[in-house]
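Asker: One structure is given below, represented as structure tokens, and several questions about it will come after.
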Amino acid sequence: MPVPSEFFKGACKRQLLRRHGIIIKIRKASILIVIVCESNLQTLPTCFLSTVECHLVELSTSVMELPLVYNPGYITPLPEGHRFPMRKFQQLYELLLADGIAHPEQFHTPKRPPQEWIELVHTHEYVQAYCEGTLEAKAQRRIGLPWSPALVNRTCTAVGGTILTAQLALSHGLACNTAGGTHHAFPSYGSGFCIFNDLAIAARVLQQLGLVRKILIVDLDVHQGDGTAFIFQNDSSVFTFSMHCEVNFPSTKQKSDLDVPLSAGMDDDAYLQTLAQYLPELLSNFQPDLVLYDAGVDPHVGDRLGKLALTDTGIFCREMQVLSTCVAGGYPVACVIGGGYADDLKGLVYRHSLLHRAANEIYSQYRL
Ligand SMILES: [Zn+2]
């Protein structure tokens, strides 16, 4: 007996199923039901039993682990001394493995998306000129990264990474990229190390594929998600929420659906309280099918560009707060790492890994 897809939609159904000791996962459009404890079958209502019998699948260990996304192509050489910390992506991958936060089988490898997907957000002229290396010098300077064919490949692969992370979040409830968060990219130009807007592209692609209708973008990078706000300014299906330092880049802010500007020097407690003031209500009012979370670590006190004063503990608490609030409400979350700038690369990479450490905890705590 086939299971109608509507049957499993919504947090309420998911919680009901969980109470009865089973976890559902939707993988590659097929419904997979994992029985945690077969004795609990006795307590299930008859309508559940018939579906369970039809879709009982062996539990494999890989199914139970947080999906992560990485591609060695996330790194491409920049000129010596360039201020963008390109090596952090590879070091983050290595740290997650070295610290036992992840093992190699947990990683999914993204591909370059078709150009038509990038053009769901960006103009054909911009995408073509960037990919061919024919952008004007001024437009190139605004991006702040020296053009190379390898960087084109890196940029597109990272976009593919966020799309894949979003797809994995839908099927597993939670997923994390090890790059992404290029929120300063506008439809026809790039800015502030951002070339194509991965968050916006992932949102549009998933909508186009009919996988989601409403998306909430939670952007906690210390800089305003100006490109994302601009792209979705007239689109009520994507809600943009940006909490950022008010006296930081970009000097001209765009209008997100909800902007929460923060004073310079804000510490852990004030930051976490502010977040708690907005996020739960936002989720229950908007009820997104998917949350895209930009977990930039540049609000950290040690960040070269941030101007806020969060500690490692504060960043970890923030990730736990965001992920538990979303997951407890039944909202799938796709995470990207966002910005983070420091001369101490080791410290910076550790800060980024706090997202994956928190996600691991939430993933097992909620038995996703
Ligand atoms: Zn930033």
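In the structure tokens, chains take the letters A, B, ... in the order shown, each chain's residues start at 1, and ligands count up from 1 in the order shown.
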Need the shell around Leu292 of chain A: protein/DNA/RNA residues with any atom at most 10 Å away, counting only C-alpha atoms. Skip same-chain ones fewer than 5 positions apart. Format as a PDB file with N, CA and C atoms, in the first residue's frame?

Answerer:
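Everything below was put into out_18.pdb:
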ATOM      1  N   THR A 162      25.652  24.095  -1.246  1.00  0.00           N
ATOM      2  CA  THR A 162      24.525  24.600  -0.450  1.00  0.00           C
ATOM      3  C   THR A 162      23.207  24.018  -0.960  1.00  0.00           C
ATOM      4  N   THR A 165      23.142  20.573   0.451  1.00  0.00           N
ATOM      5  CA  THR A 165      22.870  20.644   1.894  1.00  0.00           C
ATOM      6  C   THR A 165      21.375  20.862   2.140  1.00  0.00           C
ATOM      7  N   ALA A 166      20.775  21.724   1.338  1.00  0.00           N
ATOM      8  CA  ALA A 166      19.337  21.998   1.501  1.00  0.00           C
ATOM      9  C   ALA A 166      18.521  20.733   1.189  1.00  0.00           C
ATOM     10  N   ALA A 169      18.921  18.396   4.061  1.00  0.00           N
ATOM     11  CA  ALA A 169      18.168  18.859   5.231  1.00  0.00           C
ATOM     12  C   ALA A 169      16.701  18.425   5.120  1.00  0.00           C
ATOM     13  N   GLY A 181      27.330  30.713   2.271  1.00  0.00           N
ATOM     14  CA  GLY A 181      26.931  31.922   2.989  1.00  0.00           C
ATOM     15  C   GLY A 181      27.384  33.182   2.267  1.00  0.00           C
ATOM     16  N   LEU A 199      22.727  30.978  -0.933  1.00  0.00           N
ATOM     17  CA  LEU A 199      21.490  30.829  -0.152  1.00  0.00           C
ATOM     18  C   LEU A 199      20.274  31.084  -1.041  1.00  0.00           C
ATOM     19  N   ALA A 200      20.353  32.155  -1.824  1.00  0.00           N
ATOM     20  CA  ALA A 200      19.235  32.513  -2.699  1.00  0.00           C
ATOM     21  C   ALA A 200      19.057  31.462  -3.788  1.00  0.00           C
ATOM     22  N   ALA A 202      19.934  28.263  -3.715  1.00  0.00           N
ATOM     23  CA  ALA A 202      19.396  27.022  -3.128  1.00  0.00           C
ATOM     24  C   ALA A 202      17.895  27.176  -2.881  1.00  0.00           C
ATOM     25  N   ALA A 203      17.489  28.338  -2.379  1.00  0.00           N
ATOM     26  CA  ALA A 203      16.061  28.571  -2.110  1.00  0.00           C
ATOM     27  C   ALA A 203      15.254  28.443  -3.405  1.00  0.00           C
ATOM     28  N   ILE A 215      10.427  29.428   2.533  1.00  0.00           N
ATOM     29  CA  ILE A 215      11.773  29.270   3.111  1.00  0.00           C
ATOM     30  C   ILE A 215      12.078  30.454   4.015  1.00  0.00           C
ATOM     31  N   LEU A 216      12.645  30.142   5.167  1.00  0.00           N
ATOM     32  CA  LEU A 216      13.121  31.192   6.079  1.00  0.00           C
ATOM     33  C   LEU A 216      14.646  31.199   6.034  1.00  0.00           C
ATOM     34  N   ILE A 217      15.221  32.365   5.767  1.00  0.00           N
ATOM     35  CA  ILE A 217      16.678  32.492   5.800  1.00  0.00           C
ATOM     36  C   ILE A 217      17.059  33.204   7.095  1.00  0.00           C
ATOM     37  N   VAL A 218      17.770  32.484   7.949  1.00  0.00           N
ATOM     38  CA  VAL A 218      18.239  33.050   9.217  1.00  0.00           C
ATOM     39  C   VAL A 218      19.714  33.382   9.016  1.00  0.00           C
ATOM     40  N   ASP A 219      20.026  34.661   8.969  1.00  0.00           N
ATOM     41  CA  ASP A 219      21.387  35.094   8.649  1.00  0.00           C
ATOM     42  C   ASP A 219      22.001  35.754   9.881  1.00  0.00           C
ATOM     43  N   THR A 240      13.429  36.810   4.831  1.00  0.00           N
ATOM     44  CA  THR A 240      14.839  37.057   5.157  1.00  0.00           C
ATOM     45  C   THR A 240      14.960  37.722   6.533  1.00  0.00           C
ATOM     46  N   PRO A 332      13.011  21.618   9.106  1.00  0.00           N
ATOM     47  CA  PRO A 332      14.329  21.171   8.660  1.00  0.00           C
ATOM     48  C   PRO A 332      15.283  22.363   8.503  1.00  0.00           C
ATOM     49  N   VAL A 333      16.555  22.137   8.833  1.00  0.00           N
ATOM     50  CA  VAL A 333      17.540  23.232   8.767  1.00  0.00           C
ATOM     51  C   VAL A 333      18.747  22.826   7.936  1.00  0.00           C
ATOM     52  N   ALA A 334      19.086  23.671   6.974  1.00  0.00           N
ATOM     53  CA  ALA A 334      20.319  23.507   6.188  1.00  0.00           C
ATOM     54  C   ALA A 334      21.278  24.613   6.613  1.00  0.00           C
ATOM     55  N   CYS A 335      22.488  24.220   7.028  1.00  0.00           N
ATOM     56  CA  CYS A 335      23.425  25.201   7.586  1.00  0.00           C
ATOM     57  C   CYS A 335      24.607  25.456   6.652  1.00  0.00           C
ATOM     58  N   VAL A 336      24.999  26.710   6.555  1.00  0.00           N
ATOM     59  CA  VAL A 336      26.240  27.065   5.863  1.00  0.00           C
ATOM     60  C   VAL A 336      27.113  27.813   6.867  1.00  0.00           C
TER      61      VAL A 336
END

Asker: Neighbouring residues of ligand 1 are defined here as those with any atom at most 7 Å from a ligand atom, counting only C-alpha atoms and all ligand atoms; list them as a VMD selection string.

Answerer: chain A and resid 221 to 223 296 298 338 to 340

Asker: I need the residues in segment 76-238 of chain A that are strand (DSSP E) according to DSSP; give them as number ranges by chain.

Answerer: A: 107-108, 174-177, 215-219, 238

Asker: Which residue gives the smallest distance to Ile101 of chain A among A:Cys131, A:Leu66, A:Val349, A:Leu78, with only C-alpha atoms counted?

Answerer: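 Answer, going by the shortest atom-to-atom distance: A:Leu66.
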
Asker: May I have the residues within 10 Å of Tyr271 of chain A as an MDAnalysis selection string, using only C-alpha atoms and disregarding those fewer than 4 positions away in the same chain?

Answerer: chainID A and resid 243 262:263 266:267 275:277 299 308:310 314:315 318

Asker: Which residues are near His352 of chain A? Cut-off 12 Å, only C-alpha atoms, ignore same chain within fewer than 3 positions. Put them as a ChimeraX atom specification.

Answerer: /A:88-93,95-96,176-180,221,294-300,303,312,315-316,319,335-342,345-349,355-359

Asker: Between A:Leu170, A:Leu145, A:Leu272, A:Val238, which has the minimum distance to Cys194 of chain A (counting only C-alpha atoms)?

Answerer: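 For Cys194 of chain A, the nearest of the candidates is A:Leu145.
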
Asker: From the options A:Ala102, A:Val205, A:Leu290, A:Leu120, which residue's atoms come nearest to Glu361 of chain A, counting only C-alpha atoms?

Answerer: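 Nearest candidate to Glu361 of chain A out of A:Ala102, A:Val205, A:Leu290, A:Leu120: A:Ala102.
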
Asker: Within segment 279-331 of chain A, find each residue whose DSSP state, derived from the backbone, is helix (DSSP H, G or I), and express the selection as a PyMOL selection string.

Answerer: chain A and resi 279-286+312-328

Asker: For a quick check of understanding, using only C-alpha atoms, which of A:Pro280, A:Pro114, A:Gly225, A:Gly302 has the smallest distance to Pro261 of chain A?

Answerer: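 Checking each candidate against Pro261 of chain A, we get A:Gly225 as the closest.
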
Asker: Kindly indicate which residue among A:Phe232, A:Trp117, A:Tyr363, A:Phe107 lies nearest to Leu206 of chain A, using only C-alpha atoms for the distances.

Answerer: A:Trp117

Asker: Which distance in Å separates atom CA of Pro67 of chain A and atom CA of Leu168 of chain A, to one decimal?

Answerer: 6.8 Å

Asker: Can you tell me which residues surround segment 153-161 of chain A at a distance of at most 8 Å, considering only C-alpha atoms, apart from same-chain residues fewer than 3 positions away, and format the answer as a short mmCIF file (atom, residue, chain, number, x, y, z; two decimals) with C-alpha atoms, in the first residue's frame?

Answerer:
data_model
loop_
_atom_site.label_atom_id
_atom_site.label_comp_id
_atom_site.auth_asym_id
_atom_site.auth_seq_id
_atom_site.Cartn_x
_atom_site.Cartn_y
_atom_site.Cartn_z
CA VAL A 69 28.82 18.40 2.65
CA TYR A 70 32.37 19.00 1.41
CA ASN A 71 34.29 19.01 -1.83
CA GLY A 73 37.32 21.83 -4.80
CA TYR A 74 36.14 24.28 -2.09
CA ILE A 75 39.74 25.43 -1.91
CA THR A 76 41.60 27.20 -4.65
CA THR A 109 30.27 15.53 -2.37
CA PRO A 110 28.51 18.27 -4.32
CA LYS A 111 28.86 18.90 -8.03
CA ARG A 112 28.77 22.11 -10.06
CA PRO A 113 25.11 23.00 -10.62
CA PRO A 149 39.25 29.52 -13.89
CA ALA A 150 39.88 27.56 -10.68
CA LEU A 164 22.89 19.65 -1.80
CA THR A 165 22.87 20.64 1.89
CA ASN A 177 27.82 22.45 4.55
CA ALA A 179 31.35 26.37 3.10
CA GLY A 180 28.64 28.75 1.84
CA ILE A 195 30.23 36.04 -6.25
CA PHE A 196 27.02 34.01 -6.51
CA ASN A 197 24.42 34.01 -3.70
CA ASP A 198 24.31 30.33 -2.67
CA ILE A 201 20.07 29.99 -5.42
CA ALA A 202 19.40 27.02 -3.13
#

Asker: Of the residues A:Ala185, A:Ser237, A:Val127, A:Gln207, which is the one nearest to Gln224 of chain A, using only C-alpha atoms?

Answerer: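 Checking each of A:Ala185, A:Ser237, A:Val127, A:Gln207 against Gln224 of chain A, counting only C-alpha atoms, the winner is A:Ala185.
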
Asker: To one decimal place in Å, what is the distance between atom CA of Leu209 of chain A and atom CA of Pro288 of chain A?

Answerer: 16.3 Å

Asker: Kindly give the distance, in Å, that separates atom CA of Gly227 of chain A and atom CA of Cys326 of chain A, rounded to a single decimal.

Answerer: 23.9 Å

Asker: Considering only C-alpha atoms, return as number ranges by chain whatever protein or nucleic-acid residues lie within 10 Å of Gln140 of chain A, sequence-local ones (same chain, fewer than 6 positions apart) excluded.

Answerer: A: 130, 133-134, 146-147, 189-191, 195

Asker: For the selection just defined, write its residues with N, CA and C atoms to a file, as an mmCIF file, in the first residue's frame.

Answerer:
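Below is the file again-v9.cif, written as the result:
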data_model
loop_
_atom_site.group_PDB
_atom_site.id
_atom_site.type_symbol
_atom_site.label_atom_id
_atom_site.label_comp_id
_atom_site.auth_asym_id
_atom_site.auth_seq_id
_atom_site.Cartn_x
_atom_site.Cartn_y
_atom_site.Cartn_z
ATOM 1 N N TYR A 130 31.218 36.460 -15.564
ATOM 2 C CA TYR A 130 32.077 35.978 -14.477
ATOM 3 C C TYR A 130 32.739 34.648 -14.872
ATOM 4 N N GLY A 133 35.448 35.154 -17.340
ATOM 5 C CA GLY A 133 36.536 36.053 -16.942
ATOM 6 C C GLY A 133 36.547 37.366 -17.695
ATOM 7 N N THR A 134 35.340 37.808 -18.124
ATOM 8 C CA THR A 134 35.291 39.059 -18.891
ATOM 9 C C THR A 134 34.585 40.189 -18.125
ATOM 10 N N PRO A 146 40.736 37.617 -6.684
ATOM 11 C CA PRO A 146 41.289 37.642 -8.045
ATOM 12 C C PRO A 146 40.724 36.512 -8.901
ATOM 13 N N TRP A 147 40.261 36.855 -10.110
ATOM 14 C CA TRP A 147 39.604 35.865 -10.978
ATOM 15 C C TRP A 147 40.588 34.802 -11.447
ATOM 16 N N TYR A 189 25.713 41.606 -9.796
ATOM 17 C CA TYR A 189 27.104 41.856 -9.402
ATOM 18 C C TYR A 189 27.443 41.165 -8.083
ATOM 19 N N GLY A 190 28.750 40.955 -7.883
ATOM 20 C CA GLY A 190 29.221 40.365 -6.642
ATOM 21 C C GLY A 190 29.842 41.440 -5.765
ATOM 22 N N SER A 191 30.031 41.110 -4.479
ATOM 23 C CA SER A 191 30.539 42.103 -3.540
ATOM 24 C C SER A 191 31.074 41.394 -2.290
ATOM 25 N N ILE A 195 30.373 35.977 -4.788
ATOM 26 C CA ILE A 195 30.233 36.037 -6.249
ATOM 27 C C ILE A 195 28.807 35.646 -6.655
#
